[in-house]
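Student: The structure follows.
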Amino acid sequence: MSFHTGFIAIVGRPNVGKSTLLNRLIGQKVSIVSRKAQTTRHRITGIRTDADAQYVFVDTPGFQTKFKSALNEAMNRGVTTTLADVDAVLFVIEAGKFDARDAAVLKLLPRDQPVILVINKADLVKDKGDLLPFIDKLSREFAFHAIVPISAQKIQKVDVLLDAIRPLLPEGEPMYEEDQVTDRSERFLAAELIREKIFRLVGDELPYSTAVEIEKFEEEGNLRRIYAAILVDRDAQKAIVIGKGGERLKEISSQARTDMEKMFDSKVFLEVWVKVKSGWADDTRMLRQFGYE
């Protein structure tokens with residue numbers, strides 16, 4: 001039996017469920033998830049190895065058309081660069097919804113690589129017959145290799161999607177170890193987990209321009225000591241993150257530490273504080289420092 005291995009980009013507008021889909025395809029959490037748009041800022045690689053194939057998924061930031069900043073421009077470049085470097089593309093949209101933001105991503109799709117249209121949240125459509133005209137319309141917009149309705153949240157039809165992807169990958173040996181699920185470092189993943197908790201616990205009170213910087217990451221046997229700074233634009237935002245009596249910052253730290261211990265399979269000592277650094281999202285030097293290309 002031949003073995004197939006290759007790269008698959010996951011693209012779409014913000015908040016269609018790309019990161020949730022990646023986590024389901026891999027079988028564990030490698031990409032952070034929240035209801036806040038543009039939670040994913042970096043290209044996250046997730047790896048799934050089966051008996052006859054290794055799928056290397058690249059979760060991209062949601063392509064941003066609404067807000068202009070150096071950060072968003074860097075993320076959009078990440079999307080277009082990824083599309084030029086993969087064997088197949090998953091274009092994720094929301095069932096029954098296709099707007100100008102989806103159309104902007106559609107224009108970026110490569111014509112010389114297979115693209116699978118993934119219709120997420122299909123379980124939320126009460127009358128499945130309503131999907132047929134929706135699918136028919138989209139099939140006339142682009143020559144999709146396949147169209148697969150799924151529910152990433154409920155893990156419905158994810159196996160069908162994997163079956164559709166496998167023949168598109170070239171034959172070859174695995175690129176990663178069988179038990180490896182991401183190529184990102186623990187330091188990077190720690191920062192992402194803290195950022196996820198900020199979005200989930202602070203929500204709309206805090207503007208989008210928030211970052212996490214890991215200032216120190218130490219391993220002592222089965223213990224990780226992690227010291228992290230949350231960066232915000234203004235003093236008022238610092239107060240929001242800290243919360244009354246420091247309670248919100250404690251909750252962010254507690255939930256992030258719990259997730260880190262599960263992900264790293266070790267004890268974690270986590271210390272988090274908040275810093276004000278105005279204009280970081282438009283500072284190209286700082287963006288490079290945080291790993292944005």
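So you can find residues: chains in the structure tokens are A, B, ... in the order shown, residues in each start at 1, and ligands are numbered from 1 in order.
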Asp99 in chain A: which residues within 12 Å, counting only C-alpha atoms, same-chain residues fewer than 2 positions away excluded, as a PDB file with N, CA, C and O atoms, in the first residue's frame?
Tutor:
```
ATOM      1  N   GLY A  12     -10.048  30.834   4.832  1.00  0.00           N
ATOM      2  CA  GLY A  12     -11.422  31.318   4.921  1.00  0.00           C
ATOM      3  C   GLY A  12     -11.440  32.652   5.633  1.00  0.00           C
ATOM      4  O   GLY A  12     -10.427  33.089   6.187  1.00  0.00           O
ATOM      5  N   ARG A  13     -12.594  33.285   5.628  1.00  0.00           N
ATOM      6  CA  ARG A  13     -12.726  34.553   6.350  1.00  0.00           C
ATOM      7  C   ARG A  13     -12.692  34.284   7.857  1.00  0.00           C
ATOM      8  O   ARG A  13     -12.782  33.127   8.293  1.00  0.00           O
ATOM      9  N   PRO A  14     -12.580  35.337   8.673  1.00  0.00           N
ATOM     10  CA  PRO A  14     -12.580  35.137  10.128  1.00  0.00           C
ATOM     11  C   PRO A  14     -13.869  34.463  10.620  1.00  0.00           C
ATOM     12  O   PRO A  14     -14.950  34.684  10.077  1.00  0.00           O
ATOM     13  N   VAL A  16     -15.114  31.319  10.707  1.00  0.00           N
ATOM     14  CA  VAL A  16     -15.888  30.246  10.058  1.00  0.00           C
ATOM     15  C   VAL A  16     -15.581  28.882  10.672  1.00  0.00           C
ATOM     16  O   VAL A  16     -16.171  27.883  10.274  1.00  0.00           O
ATOM     17  N   THR A  65     -10.350  41.960   5.647  1.00  0.00           N
ATOM     18  CA  THR A  65     -10.639  43.031   4.680  1.00  0.00           C
ATOM     19  C   THR A  65     -11.151  44.293   5.360  1.00  0.00           C
ATOM     20  O   THR A  65     -11.215  45.349   4.740  1.00  0.00           O
ATOM     21  N   ILE A  93     -16.202  27.733   4.573  1.00  0.00           N
ATOM     22  CA  ILE A  93     -17.252  28.749   4.667  1.00  0.00           C
ATOM     23  C   ILE A  93     -18.307  28.247   5.644  1.00  0.00           C
ATOM     24  O   ILE A  93     -18.266  27.094   6.085  1.00  0.00           O
ATOM     25  N   GLU A  94     -19.249  29.114   5.970  1.00  0.00           N
ATOM     26  CA  GLU A  94     -20.329  28.765   6.889  1.00  0.00           C
ATOM     27  C   GLU A  94     -21.569  28.390   6.088  1.00  0.00           C
ATOM     28  O   GLU A  94     -21.916  29.069   5.114  1.00  0.00           O
ATOM     29  N   ALA A  95     -22.212  27.309   6.483  1.00  0.00           N
ATOM     30  CA  ALA A  95     -23.387  26.817   5.751  1.00  0.00           C
ATOM     31  C   ALA A  95     -24.441  27.904   5.590  1.00  0.00           C
ATOM     32  O   ALA A  95     -24.838  28.556   6.560  1.00  0.00           O
ATOM     33  N   GLY A  96     -24.870  28.127   4.340  1.00  0.00           N
ATOM     34  CA  GLY A  96     -25.923  29.095   4.060  1.00  0.00           C
ATOM     35  C   GLY A  96     -25.486  30.534   4.050  1.00  0.00           C
ATOM     36  O   GLY A  96     -26.301  31.435   3.844  1.00  0.00           O
ATOM     37  N   LYS A  97     -24.177  30.790   4.280  1.00  0.00           N
ATOM     38  CA  LYS A  97     -23.694  32.169   4.337  1.00  0.00           C
ATOM     39  C   LYS A  97     -22.485  32.330   3.410  1.00  0.00           C
ATOM     40  O   LYS A  97     -21.516  31.572   3.500  1.00  0.00           O
ATOM     41  N   ARG A 101     -16.735  39.005   2.246  1.00  0.00           N
ATOM     42  CA  ARG A 101     -15.481  38.542   2.856  1.00  0.00           C
ATOM     43  C   ARG A 101     -15.093  37.173   2.305  1.00  0.00           C
ATOM     44  O   ARG A 101     -13.913  36.902   2.036  1.00  0.00           O
ATOM     45  N   ASP A 102     -16.094  36.290   2.133  1.00  0.00           N
ATOM     46  CA  ASP A 102     -15.831  34.980   1.530  1.00  0.00           C
ATOM     47  C   ASP A 102     -15.383  35.148   0.087  1.00  0.00           C
ATOM     48  O   ASP A 102     -14.471  34.457  -0.386  1.00  0.00           O
ATOM     49  N   ALA A 103     -16.036  36.064  -0.621  1.00  0.00           N
ATOM     50  CA  ALA A 103     -15.702  36.309  -2.029  1.00  0.00           C
ATOM     51  C   ALA A 103     -14.262  36.794  -2.174  1.00  0.00           C
ATOM     52  O   ALA A 103     -13.575  36.446  -3.137  1.00  0.00           O
ATOM     53  N   ALA A 104     -13.785  37.602  -1.196  1.00  0.00           N
ATOM     54  CA  ALA A 104     -12.409  38.092  -1.238  1.00  0.00           C
ATOM     55  C   ALA A 104     -11.419  36.934  -1.132  1.00  0.00           C
ATOM     56  O   ALA A 104     -10.373  36.925  -1.793  1.00  0.00           O
ATOM     57  N   VAL A 105     -11.736  35.939  -0.294  1.00  0.00           N
ATOM     58  CA  VAL A 105     -10.867  34.767  -0.164  1.00  0.00           C
ATOM     59  C   VAL A 105     -10.951  33.909  -1.427  1.00  0.00           C
ATOM     60  O   VAL A 105      -9.947  33.382  -1.909  1.00  0.00           O
ATOM     61  N   LEU A 106     -12.153  33.780  -1.976  1.00  0.00           N
ATOM     62  CA  LEU A 106     -12.354  32.993  -3.193  1.00  0.00           C
ATOM     63  C   LEU A 106     -11.426  33.483  -4.314  1.00  0.00           C
ATOM     64  O   LEU A 106     -10.867  32.677  -5.069  1.00  0.00           O
ATOM     65  N   LEU A 138     -22.460  27.883  -5.516  1.00  0.00           N
ATOM     66  CA  LEU A 138     -21.023  27.993  -5.281  1.00  0.00           C
ATOM     67  C   LEU A 138     -20.226  27.156  -6.269  1.00  0.00           C
ATOM     68  O   LEU A 138     -19.115  27.532  -6.659  1.00  0.00           O
TER      69      LEU A 138
END
```
Student: Could you list, as a PyMOL selection string, every residue within 9 Å of range 143-153 of chain A, counting only C-alpha atoms and ignoring same-chain residues fewer than 5 positions away?
Tutor: chain A and resi 17-18+20-25+95+111+114-124+131+135+138+158+160-161+164
Student: Quick one: pull the distance between CA of Ser139 in chain A and CA of His4 in chain A, Å, one decimal.
Tutor: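 These atoms are spaced 27.4 Å apart.
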Student: Residues near Glu177 in chain A, anyone? I mean within 12 Å using only C-alpha atoms, not counting same-chain ones fewer than 6 positions away, as a list in words.
Tutor: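 Skipping anything fewer than 6 positions along the chain leaves Ile47, Arg48, Thr49, Asp50, Gln54, Tyr55, Val56 and Asp183 of chain A.
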Student: Given the selection you just returned, output its residues as a file containing N, CA and C atoms, formatted as a short mmCIF file (atom, residue, chain, number, x, y, z; two decimals), in the first residue's frame.
Tutor:
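Writing the result to out-v8.cif gives the following:
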```
data_model
loop_
_atom_site.label_atom_id
_atom_site.label_comp_id
_atom_site.auth_asym_id
_atom_site.auth_seq_id
_atom_site.Cartn_x
_atom_site.Cartn_y
_atom_site.Cartn_z
N ILE A 47 -0.37 18.22 12.49
CA ILE A 47 0.05 17.01 11.78
C ILE A 47 -0.78 15.82 12.22
N ARG A 48 -1.32 15.10 11.24
CA ARG A 48 -2.06 13.86 11.51
C ARG A 48 -1.42 12.74 10.71
N THR A 49 -1.05 11.66 11.40
CA THR A 49 -0.43 10.52 10.73
C THR A 49 -1.32 9.29 10.89
N ASP A 50 -1.79 8.77 9.76
CA ASP A 50 -2.57 7.53 9.74
C ASP A 50 -1.72 6.42 9.14
N GLN A 54 0.18 10.92 5.83
CA GLN A 54 0.49 11.96 6.81
C GLN A 54 -0.03 13.29 6.25
N TYR A 55 -0.98 13.87 6.97
CA TYR A 55 -1.60 15.13 6.57
C TYR A 55 -0.94 16.26 7.36
N VAL A 56 -0.36 17.23 6.67
CA VAL A 56 0.25 18.37 7.35
C VAL A 56 -0.63 19.59 7.04
N ASP A 183 4.46 21.53 14.58
CA ASP A 183 5.87 21.90 14.49
C ASP A 183 6.17 23.15 15.31
#
```
Student: Give the answer as one residue: which of A:Asp52, A:Glu251, A:Asp163, A:Asp265 has the shortest atom-to-atom distance to Ile198 in chain A, using only C-alpha atoms?
Tutor: A:Glu251
Student: Report, in Å to a single decimal, how far apart CA of Thr45 in chain A and CA of Leu270 in chain A are.
Tutor: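 Interatomic distance here is 24.9 Å.
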Student: Taking only C-alpha atoms into account, name the residue in A:Val268, A:Val212, A:Val202, A:Ile230 that is nearest to Arg248 in chain A.
Tutor: A:Val202
Student: Would you mind reading off the distance between CA of Glu261 in chain A and CA of Gln237 in chain A, one decimal, in Å?
Tutor: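 Going from CA of Glu261 in chain A over to CA of Gln237 in chain A, I get 28.1 Å.
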Student: Rank nothing, just name the residue among A:Met260, A:Val276, A:Ile165, A:Ile252 nearest to Asp235 in chain A, using only C-alpha atoms.
Tutor: A:Val276
Student: Write out as a PyMOL selection string which residues come within 12 Å of Met1 in chain A when counting only C-alpha atoms, dropping same-chain ones fewer than 4 positions away.
Tutor: chain A and resi 51-53+171-172
Student: Write out as a PyMOL selection string all residues of range 225-277 of chain A that backbone DSSP assigns to alpha helix (DSSP H).
Tutor: chain A and resi 235-242+247-264
Student: If you run DSSP over the backbone, which residues in range 56-248 of chain A end up strand (DSSP E)? Put them as number ranges by chain.
Tutor: A: 56-59, 88-94, 115-120, 146-149, 211-220, 223-232
